[in-house]
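Source file: my_file39.cif (mmCIF, C-alpha atoms)
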data_upload
#
loop_
_atom_site.label_atom_id
_atom_site.label_comp_id
_atom_site.auth_asym_id
_atom_site.auth_seq_id
_atom_site.Cartn_x
_atom_site.Cartn_y
_atom_site.Cartn_z
CA LEU A 1 125.32 50.31 2.47
CA SER A 2 125.14 53.75 3.96
CA HIS A 3 127.70 55.24 1.57
CA ALA A 4 126.21 53.57 -1.49
CA ASP A 5 122.66 54.40 -0.45
CA SER A 6 123.51 58.08 -0.40
CA ASP A 7 124.85 57.79 -3.94
CA LEU A 8 121.89 55.94 -5.37
CA SER A 9 118.75 57.93 -5.94
CA ALA A 10 115.33 56.43 -6.20
CA PRO A 11 114.59 54.88 -9.60
CA ASN A 12 113.33 57.28 -12.28
CA GLU A 13 114.91 60.36 -10.69
CA THR A 14 116.82 62.51 -13.15
CA PRO A 15 120.52 61.64 -12.93
CA SER A 16 123.11 64.40 -13.15
CA ARG A 17 124.06 63.16 -16.61
CA SER A 18 122.08 61.04 -19.01
CA VAL A 19 123.00 57.52 -19.99
CA ALA A 20 123.86 58.76 -23.48
CA GLN A 21 126.22 61.40 -22.06
CA TYR A 22 128.05 58.81 -19.95
CA GLU A 23 128.26 56.44 -22.91
CA GLY A 24 129.78 59.26 -24.97
CA VAL A 25 132.37 60.03 -22.30
CA ILE A 26 133.24 56.33 -22.03
CA LYS A 27 133.61 55.98 -25.79
CA ASP A 28 135.86 59.08 -25.92
CA LEU A 29 138.04 57.83 -23.06
CA GLU A 30 138.40 54.40 -24.64
CA SER A 31 139.32 55.91 -28.00
CA ALA A 32 141.88 58.26 -26.50
CA TYR A 33 143.41 56.11 -23.75
CA GLY A 34 142.36 52.49 -24.15
CA ALA A 35 140.01 50.08 -22.42
CA TYR A 36 141.61 50.24 -18.96
CA HIS A 37 142.23 53.94 -18.44
CA ASP A 38 141.68 54.89 -14.79
CA GLU A 39 139.09 57.59 -15.58
CA LEU A 40 136.87 54.96 -17.21
CA SER A 41 136.09 53.52 -13.80
CA GLU A 42 134.52 56.80 -12.64
CA ALA A 43 132.59 57.24 -15.88
CA LEU A 44 131.28 53.69 -15.58
CA ILE A 45 130.17 54.38 -12.01
CA GLY A 46 128.22 57.36 -13.31
CA LEU A 47 126.73 55.24 -16.08
CA GLY A 48 125.82 52.53 -13.58
CA LEU A 49 124.08 55.06 -11.33
CA ALA A 50 122.20 56.61 -14.25
CA LEU A 51 121.06 53.17 -15.41
CA TYR A 52 120.10 52.19 -11.87
CA ASN A 53 118.05 55.37 -11.51
CA GLN A 54 116.23 54.47 -14.72
CA GLY A 55 115.47 51.00 -13.36
CA SER A 56 117.83 49.31 -15.83
CA TYR A 57 119.40 47.16 -13.12
CA ALA A 58 121.03 44.51 -15.31
CA ALA A 59 122.77 47.15 -17.44
CA ALA A 60 123.75 49.02 -14.26
CA ALA A 61 125.29 45.84 -12.85
CA ARG A 62 127.31 45.33 -16.04
CA ALA A 63 128.62 48.92 -15.95
CA LEU A 64 129.51 48.66 -12.26
CA GLN A 65 131.19 45.28 -12.75
CA ARG A 66 133.31 46.73 -15.54
CA SER A 67 134.14 49.74 -13.33
CA LEU A 68 135.25 47.34 -10.62
CA GLN A 69 137.45 45.42 -13.05
CA ILE A 70 139.13 48.61 -14.31
CA ASN A 71 139.55 49.83 -10.73
CA ARG A 72 141.28 46.56 -9.77
CA VAL A 73 143.61 46.78 -12.76
CA ASN A 74 144.62 50.35 -11.90
CA GLN A 75 144.44 50.39 -8.09
CA GLY A 76 145.18 46.74 -7.30
CA LEU A 77 143.09 43.91 -5.88
CA HIS A 78 143.31 45.34 -2.38
CA GLY A 79 142.50 48.97 -3.15
CA LEU A 80 139.93 50.62 -0.90
CA SER A 81 138.59 52.65 -3.82
CA GLN A 82 136.64 49.58 -4.91
CA ILE A 83 134.53 49.56 -1.72
CA PRO A 84 131.94 52.09 -2.96
CA ILE A 85 131.70 50.22 -6.26
CA LEU A 86 131.09 46.94 -4.43
CA GLN A 87 128.46 48.62 -2.26
CA MET A 88 126.68 49.90 -5.38
CA LEU A 89 126.91 46.44 -6.94
CA ILE A 90 125.37 44.91 -3.82
CA ARG A 91 122.49 47.36 -4.02
CA THR A 92 122.03 46.55 -7.70
CA ASN A 93 122.22 42.79 -7.01
CA ARG A 94 119.39 43.25 -4.50
CA ALA A 95 117.29 45.09 -7.07
CA LEU A 96 117.92 42.26 -9.55
CA GLN A 97 117.34 39.61 -6.88
CA ASP A 98 120.64 38.12 -8.01
CA TRP A 99 121.37 36.40 -4.70
CA SER A 100 124.44 34.54 -5.90
CA SER A 101 126.18 37.71 -7.10
CA LEU A 102 125.05 39.55 -3.97
CA ASP A 103 126.59 36.87 -1.78
CA GLN A 104 129.79 36.86 -3.86
CA ASN A 105 130.13 40.65 -3.63
CA TYR A 106 129.46 40.63 0.12
CA ASN A 107 132.13 37.96 0.59
CA TYR A 108 134.66 39.92 -1.43
CA LEU A 109 133.85 43.09 0.52
CA TYR A 110 134.24 41.17 3.79
CA TRP A 111 137.60 39.81 2.67
CA LEU A 112 138.73 43.30 1.62
CA ASN A 113 137.65 44.79 4.97
CA ARG A 114 139.47 42.10 6.96
CA ARG A 115 142.60 42.42 4.86
CA THR A 116 142.61 46.21 5.11
CA TYR A 117 141.75 46.69 8.77
CA GLY A 118 142.87 43.44 10.37
CA GLU A 119 140.95 40.70 12.15
CA LYS A 120 140.13 42.64 15.34
CA ASP A 121 139.57 46.17 14.05
CA PRO A 122 136.22 47.65 15.13
CA ARG A 123 135.86 49.51 11.82
CA GLN A 124 134.63 46.19 10.45
CA LEU A 125 131.63 46.02 12.78
CA GLU A 126 129.17 48.06 10.71
CA PHE A 127 129.87 45.94 7.66
CA ILE A 128 129.76 42.69 9.64
CA TYR A 129 126.31 43.61 10.96
CA GLU A 130 125.13 44.48 7.46
CA MET A 131 126.38 41.22 6.02
CA ALA A 132 124.92 39.20 8.91
CA GLN A 133 121.56 40.92 8.35
CA TRP A 134 121.67 39.91 4.68
CA HIS A 135 122.22 36.29 5.70
CA LEU A 136 119.37 36.45 8.21
CA GLU A 137 117.07 37.81 5.50
CA ALA A 138 118.24 35.14 3.06
CA PHE A 139 117.47 32.48 5.68
CA GLN A 140 114.10 33.93 6.63
CA ASP A 141 112.95 34.47 3.04
CA ARG A 142 114.44 31.16 1.77
CA LEU A 143 116.20 32.93 -1.08
CA ASP A 144 118.09 29.88 -2.26
CA ASP A 145 118.34 26.12 -1.84
CA VAL A 146 120.56 26.25 1.26
CA PRO A 147 118.80 28.52 3.77
CA PHE A 148 120.41 26.80 6.74
CA GLN A 149 123.86 27.85 5.48
CA HIS A 150 122.75 31.47 5.75
CA ILE A 151 121.85 31.15 9.43
CA LEU A 152 125.20 29.49 10.11
CA THR A 153 127.02 32.31 8.30
CA ALA A 154 125.05 34.97 10.19
CA HIS A 155 125.91 33.25 13.48
CA SER A 156 129.59 33.13 12.51
CA LEU A 157 129.55 36.84 11.65
CA PHE A 158 127.92 37.77 14.95
CA ARG A 159 130.52 35.65 16.78
CA LYS A 160 133.22 37.54 14.89
CA ALA A 161 131.65 40.82 16.01
CA VAL A 162 131.71 39.60 19.63
CA GLU A 163 135.42 38.74 19.30
CA ILE A 164 136.18 42.20 17.89
CA ILE A 165 134.23 43.97 20.63
CA GLU A 166 135.75 41.91 23.44
CA ALA A 167 139.26 42.44 22.05
CA ASN A 168 138.76 46.21 21.90
CA TRP A 169 136.42 47.06 24.79
CA GLY A 170 136.28 44.01 27.05
CA GLN A 171 133.71 41.38 27.96
CA ASN A 172 131.39 43.83 29.71
CA SER A 173 131.09 46.32 26.87
CA PRO A 174 127.58 47.55 26.08
CA GLU A 175 128.58 47.19 22.41
CA LEU A 176 127.99 43.44 22.88
CA ILE A 177 124.24 44.00 22.89
CA THR A 178 124.06 44.29 19.11
CA PRO A 179 125.67 40.98 18.20
#

Please, can you express the file's structure as C-alpha cells?
Amino acid sequence: LSHADSDLSAPNETPSRSVAQYEGVIKDLESAYGAYHDELSEALIGLGLALYNQGSYAAAARALQRSLQINRVNQGLHGLSQIPILQMLIRTNRALQDWSSLDQNYNYLYWLNRRTYGEKDPRQLEFIYEMAQWHLEAFQDRLDDVPFQHILTAHSLFRKAVEIIEANWGQNSPELITP
C-alpha cells in the first residue's frame, strides 16, 4: 500500500479540496460530459480521499468504487491506472473492516499484477508479500468464518514468491529469506 498510503492523510486532516467542492466538480462534469467521462474518475478519487480524511469511510468507498468503474470503462479492465484506486479501496476496506471487499480487491489487484507483469516477474513480489501479510493477519485475528483458508492462501502466495525469486535469481538468492 505504499503508494496509496502516501496519498491518504490521517483522518480529520484538511484535504486540498472540500467534499462540497469535489461534489460540485463531479456534478459539473456529469452535466457537461455524461456519467462516464474520464475526468470523473480523478474527481471521484479526490472526493474519496476527502471523505476518507473526514472519517466517512463508507462514502469514501462508494466514491472510489465509482471511480474504479469509470476508470475501467475508459481505460479497460486491464489498465494499470486502476492500481492506485484499488490500493485506496483496500485501505478504505480496512478502515471499514469490510473483509470480504478487502479480499475481493486484493484478489483483483493480484490478478491485474500477474496479467500485467507475467507469472515470474519480480515486480510482483512487494504486492505478493503485502497480500500474504493480509491473509496472515486475517488468520491470526479470525476475521471471518474460514480462518484456515487464509493461512493456506498466505502459504500459496509465499510459495509463488519463492518461484519468482528462484526463476530470477536462483535457488541460493538471499531474497528467499523473506518468503

Determine, for each residue of stretch 68-156 of chain A having at least one atom at most 10 Å from an atom of stretch 176-179 of chain A, the closest pair of atoms and their separation in Å to one decimal, counting all atoms listed in the file; order by chain and ascending number, as a Markdown table.
| residue | atom | partner | partner_atom | distance |
| --- | --- | --- | --- | --- |
| A:Leu125 | CA | A:Pro179 | CA | 9.5 |
| A:Ile128 | CA | A:Pro179 | CA | 9.6 |
| A:Tyr129 | CA | A:Pro179 | CA | 7.7 |
| A:Ala132 | CA | A:Pro179 | CA | 9.5 |
| A:His155 | CA | A:Pro179 | CA | 9.1 |

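Atom CA of A:Arg66 sits 22.7 Å away from atom CA of A:Thr116.
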
Quick one: apply the PyMOL selection byres ((chain A and resi 122) around 12) to the file and drop the selected residues here as a PyMOL selection string.
chain A and resi 113-114+116-121+123-129+160-169+175

Write a file of the just-selected residues containing C-alpha atoms, as an mmCIF file, in the frame of the given file.
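Generated output (selection03.cif):
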data_model
loop_
_atom_site.group_PDB
_atom_site.id
_atom_site.type_symbol
_atom_site.label_atom_id
_atom_site.label_comp_id
_atom_site.auth_asym_id
_atom_site.auth_seq_id
_atom_site.Cartn_x
_atom_site.Cartn_y
_atom_site.Cartn_z
ATOM 1 C CA ASN A 113 137.650 44.790 4.970
ATOM 2 C CA ARG A 114 139.470 42.100 6.960
ATOM 3 C CA THR A 116 142.610 46.210 5.110
ATOM 4 C CA TYR A 117 141.750 46.690 8.770
ATOM 5 C CA GLY A 118 142.870 43.440 10.370
ATOM 6 C CA GLU A 119 140.950 40.700 12.150
ATOM 7 C CA LYS A 120 140.130 42.640 15.340
ATOM 8 C CA ASP A 121 139.570 46.170 14.050
ATOM 9 C CA ARG A 123 135.860 49.510 11.820
ATOM 10 C CA GLN A 124 134.630 46.190 10.450
ATOM 11 C CA LEU A 125 131.630 46.020 12.780
ATOM 12 C CA GLU A 126 129.170 48.060 10.710
ATOM 13 C CA PHE A 127 129.870 45.940 7.660
ATOM 14 C CA ILE A 128 129.760 42.690 9.640
ATOM 15 C CA TYR A 129 126.310 43.610 10.960
ATOM 16 C CA LYS A 160 133.220 37.540 14.890
ATOM 17 C CA ALA A 161 131.650 40.820 16.010
ATOM 18 C CA VAL A 162 131.710 39.600 19.630
ATOM 19 C CA GLU A 163 135.420 38.740 19.300
ATOM 20 C CA ILE A 164 136.180 42.200 17.890
ATOM 21 C CA ILE A 165 134.230 43.970 20.630
ATOM 22 C CA GLU A 166 135.750 41.910 23.440
ATOM 23 C CA ALA A 167 139.260 42.440 22.050
ATOM 24 C CA ASN A 168 138.760 46.210 21.900
ATOM 25 C CA TRP A 169 136.420 47.060 24.790
ATOM 26 C CA GLU A 175 128.580 47.190 22.410
#

Just want the 9 Å neighbourhood of A:Ser41, counted on all atoms listed in the file, with same-chain residues fewer than 3 positions away dropped. Output as a ChimeraX atom specification.
/A:36-38,44-46,64,66-71

Taking into account all atoms listed in the file, which residue in the set A:Ser56, A:Gln140, A:Thr153, A:Gln21 is nearest to A:Leu96?
A:Ser56

Quote the spacing between atom CA of A:Trp111 and atom CA of A:Leu89 in Å to one decimal place.
15.8 Å

From the set A:Leu143, A:Pro84, A:Leu77, A:Ala60, which residue has the shortest atom-to-atom contact distance to A:Asp98, counting only C-alpha atoms?
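The closest residue to A:Asp98 is A:Leu143.
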
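Take atom CA of A:Gln65 and atom CA of A:His135: the distance between them is 22.4 Å.
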
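Every polymer residue reaching to within 12 Å of (125.1, 56.2, -24.1), counting all atoms listed in the file, appears in this list: Arg17, Ser18, Val19, Ala20, Gln21, Tyr22, Glu23, Gly24, Val25, Ile26, Lys27, Asp28, Ala43, Leu44, Gly46, Leu47, Gly48, Ala50, Leu51, Ala59 and Ala63 of chain A.
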
Distance criterion (only C-alpha atoms): nearest to A:Asp103 out of A:Arg159, A:Arg62, A:His150, A:Arg72
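Of all the options, A:His150 lies closest to A:Asp103.
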
Check the smallest atom-to-atom distance from each of A:Leu109, A:Leu136, A:Trp99, A:Gly55 to A:Ile85 using all atoms listed in the file, then report the winner.
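Ranking A:Leu109, A:Leu136, A:Trp99, A:Gly55 by distance to A:Ile85, first place goes to A:Leu109.
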
Run through the PyMOL selection byres ((chain A and resi 104-106) around 8) on the given coordinates and return the selected residues as a count of residues only.
12
